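Chemist: There's a structure below that I have some questions on.
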Amino acid sequence: MATTPVVKQNRIGLSVIDYRGSKSTLCAGCGHNAISERIIDAFYDMGIEPEHVAKLSGIGCSSKSPAYFLSRAHSFNSVHGRMPAIATGAAVANHKMLYIGVSGDGDTASIGMGQFVHLMRRNLPMIYIIEDNGVYGLTKGQFSATADLGSRLKSGTVNELPAIDTCALAIELGATFVARSFSGDKKQLAALLKAAIAHNGTVLLDVISPCVTFNDHEGSTKSYKFMKDHEEPLHDINFVPAFEEIDVEYEEGTGVDIELHDGSKMHLSKLEEDFNPTNRIEALKRLAEARENNEVLTGLFYLNANQPSFTDRLNLVDHPLGTLPQETLRPGKAVLDALMDEYR
Amino acid sequence: MASIDVALNQGTDSREDRELVVNNFSIQVATVNGSGSQSANSVLLRTIFLMGVPVSGKNLFPSNIAGLPTWFTIRVSKDGYVARKRDSEILVAMNAETAAEDVSKLKPGSVVIFDEPLKLEGLRTDVEFYAIPFDKLVAPVAPEPKLKKLLRNMVYVGVLAHLLKLEMPELETAISKQFSGKKRATEINVAAAHAGYEYAVANLKQTRFAVQRMNENADKIIIDGNTAGAMGALFGGVTVVPWYPITPSSSLIESLMELLKEHRVDAEGRATFAVVQAEDELAAIGMVLGASWAGARAMTATAGPGISLMAEFTGLGYYAEIPAVIWNVQRVGPSTGLPTRTAQGDLLSTAFLSHGDTKHPMLLPSSAAECFEFGMKAFDLAERLQTPLFVMSDLDIGMNNWVSETFEYPETPLDRGKVLSKEDLDRLGSFARYKDVDGDGIGWRTLPGTEHPNAAWFARGSGHNEKAQYSERPEDYVNNLNRLDQKWKTARTLVPAPVVEHATPGAKIGIIAFGSSHWAVVESVDQLKKKGVAVDYLRLKAYPFSAAVQEFIVSHDRVYVVEQNRDAQMLQLIKVDIEAKDVVRLRSILNYDGHPLEALLVTESIVNQEAK
């Protein structure tokens, strides 16, 4: 008797295959592929319906990656640096969906800077991931604006301009969940992504994601080796989703407990136990210190779980605007007649 | 020789006699901007409107908040002509800086009302001067000194009421309407108007120009095109409105915001709409596309500079086939200069906006009523055609007040285009986003959030196959381009067809015009008729052109394309479309000085070109 192998399912009865995308066309070993894997796992673990997710991107290697996860989710590959506008329009038209945007350091910190800052400022409910490798991959390895001062291209060219710290900027501008991670830090990235899914507001997740082809050499500050040597995690992150009714008791004084908007919990422990990411000024100070010390600080820098999101502020009806029926959309003839009388 | 005297045909009686001129003259009010004359001019316009007389108003204003010269012209025309008229017979000279020049431009027999200290009476002997002691008149009626400046304007309205035989009760009604029935503001302004009126009755003889009651305005309204467009959007079911302020389009969105707040909030106070002030026009169009992709009826409004910034996204919208409604309230060119002057100069840049093979449908409203109509229809067309669509208004239509027929409530339901629901997918199993299953070049789409495992598709630029999968294969790209061209052919049949008005059977001359030029052309057609020149007239309502345009051109020996830009942009668009052998029939009439088109320019140009 043939037996069907038991396929593991998540809480909504889907298997991890239901969260996969098409085969990646990025270079073997590209950090972006690891991030796609973590995204697949996070959405699977959180039991999110893929049909309730929209994936958005701009232009660049990073922006190709939405094709490589969640094929059952709608997707919009927009123009260079302008994904935030597409996301804003979509989130306003259908505030019931979960939005995840994937951008790169060029797509965000150079051509897309204008839209990036306004997205952060609005606290649009979405996960905004920067797959950050310090170079333009698709155009073959020019420096981006997140490249560190003094870092070196393969050709020997030295970057003489300071890096833009997208995390510090995001905190300054009003994003309510700001974290940095490393594509090679599987555990931390997975925990942050799951927490990001649970958050209501703008999540800015800057993930150092080495470019194996153009920026993984000696002299690069975004290489696998450099990250292994210089990554300074702020804490260990334990994420417990709201639907898992587990109450983990942590020993007093062993870290910081935070509750997210949907009731999920995070326990930050071990390394810098006194660092409290709900304090915006402390977060900015810690990031500034890290810059002074040439550390690549990772972890959750800032969280404000109670700030209304952009769509909350619009005070919208429950039904998505995009599919409201004609009865709601077109006022009756009496309204037009009254308007005409007003202008007589 | 083209020696023409069409001025008389336009109805302006400039002879220096005392013959009464009834309901056929123009008033020009010269002020500085920021002086509050707009209210007074609106009251003047409405008073004439309430007397049942055809009237139109045009505000020629600078890009400035206070202190620069502004001219407001009001044309009274018993024949119903509303285009700008070359000469004004009544000048209200309130601006010391321009007064001498304004007076020098008048034809003999005109009338000048001026502020006494300007001492204009010595400038000419062939016009009539009326010196008004505004300061003296306004002092007793201004409750606070700071109101004096504003109330001076209402004093000249009162003076004009006597000089032009306006009916005071209608003037009072107009004031009350202007100040939305606010008691104190109404009383103060009525008092100021009366101060002017009574001074004039006691001291001034009436002019030979008079407004006499007619009955032409029953069931009509006074409205600007931007407000009308906003109403169209409201009844068209707009839900998402991202925008960036730019003259002359801002008032369209501001009106829309008011309408939405009033009419699209549910019983619990929650909104069925979202207005988002974007960081720039790039973001505004991006938000429109994002919202439309997610199923919303989204629109934005802008002007030429904003259109330029929308170029890249518009191309993406064209290739990803996302609906979008973009109002282009056209004005004169980039940056500083004449942003508050009218033009029809964005036709080519809008029609072919973006890069690669792109072309976009445009609607061409010529009136407030059409701004309303197209404000609704634009959504139906954009969703049906799944493409960015532009409504090409202009400053003249958008910001000036027009007497209009009342707007008609839509008879047809919203057309949401080809959208597959979950139930459709349950039945079909799957779909191919960009496959031409109906032969009209338009595929079926699904909206994000459709709860079916096969509902999702990947929106991206030109590189995709029928299933919306990434593809760089030449045959996929060609297939896509050809289908988009098929869609363009469908668009020709769906956009509003042109209106053709035949003069006499077998007329050899045709005119093609559109948008705000229409009003000068209808007047010009009559002027030409009086001169024995028979012309047929085709008014374009949309691009791409329907077959009727080619037919009109081939049935006339010479066709004059009238437009408000330097490079004959509409003529160029027509050239692209018609058969090469017919191009020689086309001639051009252009106006690009920033002022609304006047009939005489069209008439003179045709007479001159015909004489060659």
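We label chains A, B, ... in the order they appear in the structure tokens, count residues from 1 in each chain, and number ligands from 1 in the order shown.
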Quick one: residues within 6 Å of range 217-229 of chain B, only C-alpha atoms, excluding same-chain residues fewer than 2 positions away - as a PDB file with C-alpha atoms, in the first residue's frame?
Modeler:
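Saved as out-v5.pdb:
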ATOM      1  CA  TYR A 343     -24.090  77.118  -8.198  1.00  0.00           C
ATOM      2  CA  ARG A 344     -27.183  78.705  -9.731  1.00  0.00           C
TER       3      ARG A 344
ATOM      4  CA  GLY B  52     -30.688  86.372 -17.536  1.00  0.00           C
ATOM      5  CA  ASN B 215     -34.096  85.037 -20.116  1.00  0.00           C
ATOM      6  CA  MET B 231     -17.702  66.900  -9.266  1.00  0.00           C
ATOM      7  CA  GLY B 232     -17.192  64.527 -12.173  1.00  0.00           C
ATOM      8  CA  LEU B 252      -9.461  70.843  -8.814  1.00  0.00           C
ATOM      9  CA  SER B 255     -12.645  71.224  -4.585  1.00  0.00           C
ATOM     10  CA  ALA B 368     -17.260  72.992 -17.458  1.00  0.00           C
ATOM     11  CA  CYS B 371     -15.110  68.594 -17.317  1.00  0.00           C
ATOM     12  CA  PHE B 372     -17.914  67.049 -15.286  1.00  0.00           C
ATOM     13  CA  GLY B 375     -14.361  63.583 -14.964  1.00  0.00           C
ATOM     14  CA  ILE B 397     -11.454  76.276 -18.636  1.00  0.00           C
ATOM     15  CA  GLY B 398     -10.201  75.224 -15.241  1.00  0.00           C
ATOM     16  CA  MET B 399      -9.906  78.484 -13.345  1.00  0.00           C
ATOM     17  CA  ASN B 400     -12.306  80.880 -15.025  1.00  0.00           C
ATOM     18  CA  ASN B 401     -15.975  81.048 -14.154  1.00  0.00           C
ATOM     19  CA  TRP B 402     -18.282  79.879 -16.922  1.00  0.00           C
ATOM     20  CA  VAL B 403     -22.002  79.984 -17.334  1.00  0.00           C
ATOM     21  CA  SER B 404     -22.917  76.373 -17.927  1.00  0.00           C
ATOM     22  CA  GLU B 405     -25.906  74.148 -18.450  1.00  0.00           C
ATOM     23  CA  THR B 406     -26.596  72.192 -15.284  1.00  0.00           C
TER      24      THR B 406
END
Chemist: Chain A residues within 6 Å of chain B, counting only C-alpha atoms: which ones, as number ranges by chain?
Modeler: A: 51-52, 72-77, 85-86, 88-90, 93, 315-317, 322, 329-330, 343-344
Chemist: With a distance cut-off of 12 Å and only C-alpha atoms, select the neighbouring residues of range 245-249 of chain B, excluding the residue or stretch itself and same-chain residues fewer than 5 positions from it, and output the selection as a ChimeraX atom specification.
Modeler: /B:61-64,224-227,229-230,254-256,276-281,284,300-307,326-336,338-343,391-400
Chemist: Neighbouring residues of Asp107 in chain A were defined as those with any atom within 8 Å, considering only C-alpha atoms; residues of the same chain fewer than 2 positions away were excluded. Please report them as an MDAnalysis selection string.
Modeler: chainID A and resid 58:60 80:81 103:105 109:113
Chemist: May I have all residues of range 126-333 of chain A that DSSP, computed from the backbone, assigns to strand (DSSP E or B), given as a PyMOL selection string?
Modeler: chain A and resi 126-132+135-136+142-143+152+158+177-182+202-208+231-233+236-240+255-259+265-269+296-303+316
Chemist: Quick one: residues within 12 Å of range 198-204 of chain B, only C-alpha atoms counted, chain neighbours fewer than 6 positions away excluded, as number ranges by chain?
Modeler: B: 113, 128-134, 136-138, 155-165, 168, 190-192
Chemist: Can you write just those residues out, C-alpha atoms, as a PDB file, in the first residue's frame?
Modeler:
ATOM      1  CA  ILE B 113     -14.152 104.533 -14.281  1.00  0.00           C
ATOM      2  CA  GLU B 128     -15.584 109.177 -21.312  1.00  0.00           C
ATOM      3  CA  PHE B 129     -14.012 109.483 -17.880  1.00  0.00           C
ATOM      4  CA  TYR B 130     -15.769 108.964 -14.582  1.00  0.00           C
ATOM      5  CA  ALA B 131     -13.679 109.996 -11.595  1.00  0.00           C
ATOM      6  CA  ILE B 132     -14.840 108.242  -8.428  1.00  0.00           C
ATOM      7  CA  PRO B 133     -13.739 109.380  -4.953  1.00  0.00           C
ATOM      8  CA  PHE B 134     -13.344 105.826  -3.643  1.00  0.00           C
ATOM      9  CA  LYS B 136     -14.417 109.229   0.463  1.00  0.00           C
ATOM     10  CA  LEU B 137     -17.141 106.738  -0.404  1.00  0.00           C
ATOM     11  CA  VAL B 138     -15.671 103.781   1.359  1.00  0.00           C
ATOM     12  CA  VAL B 155     -17.953 100.474  -4.519  1.00  0.00           C
ATOM     13  CA  TYR B 156     -17.022 100.226  -8.205  1.00  0.00           C
ATOM     14  CA  VAL B 157     -19.597  97.467  -8.586  1.00  0.00           C
ATOM     15  CA  GLY B 158     -22.192  99.891  -7.226  1.00  0.00           C
ATOM     16  CA  VAL B 159     -21.009 102.634  -9.568  1.00  0.00           C
ATOM     17  CA  LEU B 160     -21.224 100.251 -12.525  1.00  0.00           C
ATOM     18  CA  ALA B 161     -24.724  99.246 -11.439  1.00  0.00           C
ATOM     19  CA  HIS B 162     -25.887 102.779 -12.154  1.00  0.00           C
ATOM     20  CA  LEU B 163     -23.746 103.397 -15.217  1.00  0.00           C
ATOM     21  CA  LEU B 164     -24.747 100.104 -16.870  1.00  0.00           C
ATOM     22  CA  LYS B 165     -28.312  99.873 -15.535  1.00  0.00           C
ATOM     23  CA  MET B 168     -29.833  96.486  -7.583  1.00  0.00           C
ATOM     24  CA  VAL B 190     -24.214  95.688   0.207  1.00  0.00           C
ATOM     25  CA  ALA B 191     -23.583  98.970   1.984  1.00  0.00           C
ATOM     26  CA  ALA B 192     -20.410  99.532  -0.033  1.00  0.00           C
TER      27      ALA B 192
END
Chemist: Can you pull out every residue within 9 Å of Phe239 in chain A, counting only C-alpha atoms, but drop anything in the same chain fewer than 5 positions away, and send it as a PyMOL selection string?
Modeler: chain A and resi 191-192+194-195+264-268
